[in-house]
Amino acid sequence: MSSTAQAVHYEEHHQGWFERWFMSTNHKDIGTLYLSFSFLMLFVGGSFAMLIRAELFEPGMQLMQPYFFNELTSMHGLVMIFGVIMPSFVGLANWMIPMQIGAPDMALPRLNNLSFWILPFAFVLLLSTFFMPGGAPAAGWTMYPPLVLQGGESIAFMIFAIHLMGISSILGSINIIATILNLRAPGLDLLKMPMFCWSWLITSFLVIAVMPVLAGAVTMMLFDRFFGTNFFNAAAGGDPVMYQHVFWFFGHPEVYIMILPAFGIISEIVPTFSRKPLFGYKAMVYAIACIAFLSFIVWSHHMFTVGLPLGAEVFFMFSTMLIAVPTGVKIFNWVATMWRGSLSFEVPMLWAIAFIVLFSIGGFSGVMMALVPADFQYNQTYFIVAHFHYVLVGGALFSIIGAVYYWLPKWSGHMYSNFWSKLHFWSSAISVNVLFFPQHFLGLAGMPRRIPDYNVAFADWNMVSSIGGFWFGATQLIFVGVVIHCVFFSKAKAASRVWEHAYGLEWTLPSPAPHHSFTVPPVIDDSQLAHGDISH
Amino acid sequence: MGAAAALGATLVSVAAFANPHPWQINLTKGVTPVSHQIWDLHMAAFYVCVALGVIVFGAMFIAIIRFRRSRGAVAETWSHNTVMEVCWTIVPVLILIGLATPATILTREMYNATDSQMTVKVTGYQWLWRYDYISYDGKPITKVPTIYSRLAWNSNAARQLGSDISPWSIVDKQTGYHDYLLNVTHPLVIPAGVKVRFLITGGDVIHGWGVPDFGVKKDAIPGIMNDAWAKVEQPGIYRGQCYVLCGQDHSAMPIVIKVLPKTAFNTWLATQENAATLDKAARTAEVTPSKPAPTKG
């Protein structure tokens, strides 16, 4: 590593504040923008969730009209999916992929600027619908017609916002593919890449494949609502179920768009703190590819009760259950990585372990839901709500927080508070279960999802769940404090190799990482790569 | 009258057990052969998940306890074990086939609505259910009036924002069941021990007609006629809800089904038909007092 030669290039570029944060084409600054934006959105979507849980605290309507409740559930879903999980993964990709593959920056820096700056406008449009006549869209994040078409004209804003988000994530994905395929340092073969890069390479293809499908679905909806077409209008020969097929053909790969990068992150963190190479690196890559392929042929398991023919029910049951196999391989491999390692439990590792447990629980309920007859009982109940929150909060969000704790010292050059970050972890890990586990019980008892009011038989578990919800929500304020303290106030300097056994090119750069990552391609030493053993 | 009261009491005890109850944590076994089989499948899948959870989390727990650096554990360097990898690929496949096979058989059964002895059409509207009796015992039912089943008025009053009525005060007088948001003005009435086929559709937006105790749930979609069936073993009062978001009062269109013993149902049906005939005669007489009866043929 010719660190002296590179030191020349490590000087900071001098830019004004406005130029740096609004006109940046730098992958790190744009990554920071993505992460800050999604952090803000986490609290916007989270505040909707707090209102939802407050109304559900006890039976009867206390705080709002039912229609406003429906606006909240719809916007909570849209904001959390498109405003939090997806942009934060893109932000992590922006920061880490060039550093992990030995590149100076992303391949298409101006495109990078564009793909980020579309997002704030998309969300201003989306959130402004709350203040429009007729209110925000209130048909759920899935936006099923004909119900959604009953909404006010604000649905045009929602549709346009979704188009923008789609464009943003497609551009981001093109950039990631271009970066990974073109800017890898000499000698860094695809099968030597860190798992995080692999997971994002595959995710990018999913994004490019399915975002246009969503755009098509919502455009048909736009035409139905404003231009007199009848794609989904049964009275004129249209088919409301067609929307669901098109939507879920997007929607199921979307689910994996929100979890594959998490697999990558966990595959980085677990070997580091196990001080042992990742178990079955190639199997992990193939498992991700396999899950990505299968994600295209399982969509109708979201629609088991719409009246599909028997053959379709059985096909989608089997294809869905098949996904459990590569997913199981990943979980077994993480556990095998820990087996006979030398484990320590720094904060990122705690989040990774919690991820494995919570994601597995979400996976278990997923397998139960794949069984068609059982799904007739679970479908559209709180069991579903519990399932996808285990996967998206306990899974995706926990992995993102774990990633922030893993790489924040590299980004900021400072260590964060050990006490407060551990408090954040333990408080989150306990409260997330108080919040979501009782929702399994509610669902099994038959409580439908998306209702603002319920029978008194559901009162007890709802109250428990709401208490967990407020607790989990308040806990995230600790996260804000830890991050702000670390970035602006922490005195503890971070070393280049922040974690003792952290391998990979990003740890060869100083902390904080220089403005341009590798202006001279690094020399690849196989033994220093993240997953260590790549000879098999 | 006494017999009716006794019957009512029996219905109560059964129904109270089947309907959602406080701190309930598991699926209802239900009251149809299909719902029993679903329950068995659900429990089988649950136990498989518990077993896998014990294995995976157990291994992780042991690793966390035994292989800590603070206990002086030294990391090994291997990262492959072909035998293990083949095992944990093949074994899950076998387990999944073991679960999916009975599920496939049961799905076939749930899709087989042939030989049903009664047909009821269910239409979802914003925000009520409409029930039309189509046929029973091979004969069309023409005289039983359509049932419009909307949220009962006491629940409706209590659910309004700012109402001072406690949801806990809404109690079914006969059964003592706290039926807030689970009671209707006019329940659907069907016979026990008869395979009843439900034709399910939507009148405006998509609704979802689901009764957990029957193991039945189907979306009520405009322009599409879905079907489901149930052969209820025990008379009683069974409750369900709309399961697909259908607008502001989605939570306020419950389903209540009164299942009567077959003979009691036949009596009820005859009463309805008679009442409808008398009613129609009365209305015809009122509306057209002076007109001569239209000549037939």
# chains A, B, ... in the order shown; residues from 1 in each chain; ligands from 1
call {"tool": "interface_residues", "arguments": {"of": "chain B", "to": "chain A", "cutoff": "6 Å", "atoms": "only C-alpha atoms", "output": "ChimeraX atom specification"}}
result
/B:20-22,25-27,38,42,45,49,60,63,67-69,73-77,79-80,107,159,161,180-181,205,217-219,223,226,243,248,251
call {"tool": "write_last_selection", "arguments": {"atoms": "C-alpha atoms", "output": "PDB file, in the first residue's frame"}}
result
ATOM      1  CA  PRO B  20     -62.079 -13.600  20.028  1.00  0.00           C
ATOM      2  CA  HIS B  21     -61.389 -13.320  23.744  1.00  0.00           C
ATOM      3  CA  PRO B  22     -59.030 -11.165  25.819  1.00  0.00           C
ATOM      4  CA  ILE B  25     -52.723 -15.913  21.704  1.00  0.00           C
ATOM      5  CA  ASN B  26     -53.553 -18.614  19.199  1.00  0.00           C
ATOM      6  CA  LEU B  27     -55.711 -19.306  16.205  1.00  0.00           C
ATOM      7  CA  ILE B  38     -56.130 -25.540   9.021  1.00  0.00           C
ATOM      8  CA  HIS B  42     -50.906 -24.127  11.514  1.00  0.00           C
ATOM      9  CA  ALA B  45     -45.890 -25.345  10.880  1.00  0.00           C
ATOM     10  CA  CYS B  49     -40.581 -23.238  13.270  1.00  0.00           C
ATOM     11  CA  MET B  60     -25.918 -19.230  18.209  1.00  0.00           C
ATOM     12  CA  ALA B  63     -21.406 -19.950  20.221  1.00  0.00           C
ATOM     13  CA  PHE B  67     -16.537 -18.873  21.819  1.00  0.00           C
ATOM     14  CA  ARG B  68     -16.083 -15.491  23.467  1.00  0.00           C
ATOM     15  CA  ARG B  69     -12.803 -13.775  23.121  1.00  0.00           C
ATOM     16  CA  ALA B  73     -11.414 -18.400  22.612  1.00  0.00           C
ATOM     17  CA  VAL B  74      -9.068 -18.524  19.634  1.00  0.00           C
ATOM     18  CA  ALA B  75     -10.719 -18.275  16.235  1.00  0.00           C
ATOM     19  CA  GLU B  76     -10.321 -21.133  13.817  1.00  0.00           C
ATOM     20  CA  THR B  77      -9.760 -20.328  10.184  1.00  0.00           C
ATOM     21  CA  SER B  79     -14.846 -21.378   6.287  1.00  0.00           C
ATOM     22  CA  HIS B  80     -16.274 -24.450   4.583  1.00  0.00           C
ATOM     23  CA  THR B 107     -56.193 -26.394  -0.531  1.00  0.00           C
ATOM     24  CA  ARG B 159     -67.410   4.229  17.962  1.00  0.00           C
ATOM     25  CA  LEU B 161     -65.022  10.199  17.881  1.00  0.00           C
ATOM     26  CA  TYR B 180     -68.357  -3.981  20.342  1.00  0.00           C
ATOM     27  CA  LEU B 181     -67.786  -3.664  16.565  1.00  0.00           C
ATOM     28  CA  VAL B 205     -64.555  -1.335  -3.759  1.00  0.00           C
ATOM     29  CA  LYS B 217     -61.716 -15.772   3.863  1.00  0.00           C
ATOM     30  CA  LYS B 218     -62.231 -14.464   0.366  1.00  0.00           C
ATOM     31  CA  ASP B 219     -61.897 -11.040  -1.163  1.00  0.00           C
ATOM     32  CA  GLY B 223     -66.794  -7.692 -11.196  1.00  0.00           C
ATOM     33  CA  ASN B 226     -65.440 -15.665  -5.730  1.00  0.00           C
ATOM     34  CA  TYR B 243     -60.464  -7.974   5.982  1.00  0.00           C
ATOM     35  CA  GLN B 248     -63.097   5.030   6.411  1.00  0.00           C
ATOM     36  CA  SER B 251     -63.451  -1.438  10.905  1.00  0.00           C
TER      37      SER B 251
END
call {"tool": "select_by_dssp", "arguments": {"residues": "region 144-194 of chain B", "states": "strand (DSSP E or B)", "output": "list of chain:residue names"}}
result
B:Ile147, B:Tyr148, B:Ser149, B:Leu151, B:Val171, B:His178, B:Val184, B:Leu188, B:Val189, B:Ile190, B:Pro191
call {"tool": "write_last_selection", "arguments": {"atoms": "N, CA and C atoms", "output": "mmCIF file, in the first residue's frame"}}
result
data_model
loop_
_atom_site.group_PDB
_atom_site.id
_atom_site.type_symbol
_atom_site.label_atom_id
_atom_site.label_comp_id
_atom_site.auth_asym_id
_atom_site.auth_seq_id
_atom_site.Cartn_x
_atom_site.Cartn_y
_atom_site.Cartn_z
ATOM 1 N N ILE B 147 -80.905 -9.762 3.172
ATOM 2 C CA ILE B 147 -80.506 -9.283 4.499
ATOM 3 C C ILE B 147 -79.438 -8.216 4.322
ATOM 4 N N TYR B 148 -79.696 -7.040 4.870
ATOM 5 C CA TYR B 148 -78.668 -6.006 4.897
ATOM 6 C C TYR B 148 -78.081 -5.992 6.297
ATOM 7 N N SER B 149 -76.804 -6.305 6.385
ATOM 8 C CA SER B 149 -76.189 -6.562 7.676
ATOM 9 C C SER B 149 -75.194 -5.447 7.960
ATOM 10 N N LEU B 151 -73.395 -2.557 10.879
ATOM 11 C CA LEU B 151 -72.972 -2.475 12.269
ATOM 12 C C LEU B 151 -74.160 -2.115 13.155
ATOM 13 N N VAL B 171 -72.585 -4.853 25.211
ATOM 14 C CA VAL B 171 -72.633 -6.272 25.564
ATOM 15 C C VAL B 171 -73.869 -6.893 24.934
ATOM 16 N N HIS B 178 -68.919 -9.370 24.955
ATOM 17 C CA HIS B 178 -68.620 -7.969 24.642
ATOM 18 C C HIS B 178 -68.473 -7.865 23.134
ATOM 19 N N VAL B 184 -74.142 -6.887 14.558
ATOM 20 C CA VAL B 184 -74.782 -6.311 13.378
ATOM 21 C C VAL B 184 -76.280 -6.170 13.612
ATOM 22 N N LEU B 188 -76.558 -12.984 9.264
ATOM 23 C CA LEU B 188 -76.868 -14.035 8.288
ATOM 24 C C LEU B 188 -77.239 -15.289 9.067
ATOM 25 N N VAL B 189 -78.275 -15.984 8.614
ATOM 26 C CA VAL B 189 -78.709 -17.197 9.300
ATOM 27 C C VAL B 189 -78.496 -18.382 8.372
ATOM 28 N N ILE B 190 -77.772 -19.392 8.835
ATOM 29 C CA ILE B 190 -77.571 -20.591 8.014
ATOM 30 C C ILE B 190 -77.740 -21.824 8.887
ATOM 31 N N PRO B 191 -77.976 -22.976 8.266
ATOM 32 C CA PRO B 191 -78.169 -24.214 9.030
ATOM 33 C C PRO B 191 -76.836 -24.892 9.363
#
call {"tool": "closest_residue", "arguments": {"among": "B:Val86, B:Ala252, B:Val120, B:Ala157", "to": "Thr142 (chain B)", "atoms": "only C-alpha atoms"}}
result
B:Val120
call {"tool": "residues_around", "arguments": {"residues": "Ala276 (chain B)", "least_positions_apart": "2", "cutoff": "7 Å", "atoms": "only C-alpha atoms", "output": "ChimeraX atom specification"}}
result
/B:143-145,272-274,278-280
call {"tool": "select_by_dssp", "arguments": {"residues": "region 12-261 of chain B", "states": "alpha helix (DSSP H)", "output": "PyMOL selection string"}}
result
chain B and resi 12-18+33-66+82-110+153-158
call {"tool": "residues_around", "arguments": {"residues": "Ile118 (chain A)", "least_positions_apart": "5", "cutoff": "9 Å", "atoms": "only C-alpha atoms", "output": "ChimeraX atom specification"}}
result
/A:113,123,164-165,167-168
call {"tool": "residues_around", "arguments": {"residues": "Ile155 (chain A)", "least_positions_apart": "3", "cutoff": "9 Å", "atoms": "only C-alpha atoms", "output": "compact mmCIF listing (two decimals) with C-alpha atoms, in the first residue's frame"}}
result
# COMPACT_ATOMS: atom_id res chain seq x y z
CA THR A 129 -50.94 15.79 0.17
CA ALA A 136 -53.55 12.38 1.73
CA PRO A 137 -54.08 9.10 -0.12
CA VAL A 148 -57.63 4.58 -4.14
CA LEU A 149 -59.56 6.13 -7.02
CA GLY A 151 -59.41 9.60 -3.01
CA GLY A 152 -59.10 13.31 -3.70
CA MET A 158 -48.73 10.61 -4.84
CA ILE A 159 -48.37 9.03 -8.29
CA PHE A 160 -45.94 11.70 -9.44
CA LEU A 222 -53.49 7.94 -13.01
CA ARG A 225 -58.57 8.53 -12.27
call {"tool": "closest_residue", "arguments": {"among": "A:Leu72, A:Leu35, A:Ala513, A:Ala215", "to": "Ile400 (chain A)", "atoms": "only C-alpha atoms"}}
result
A:Leu35
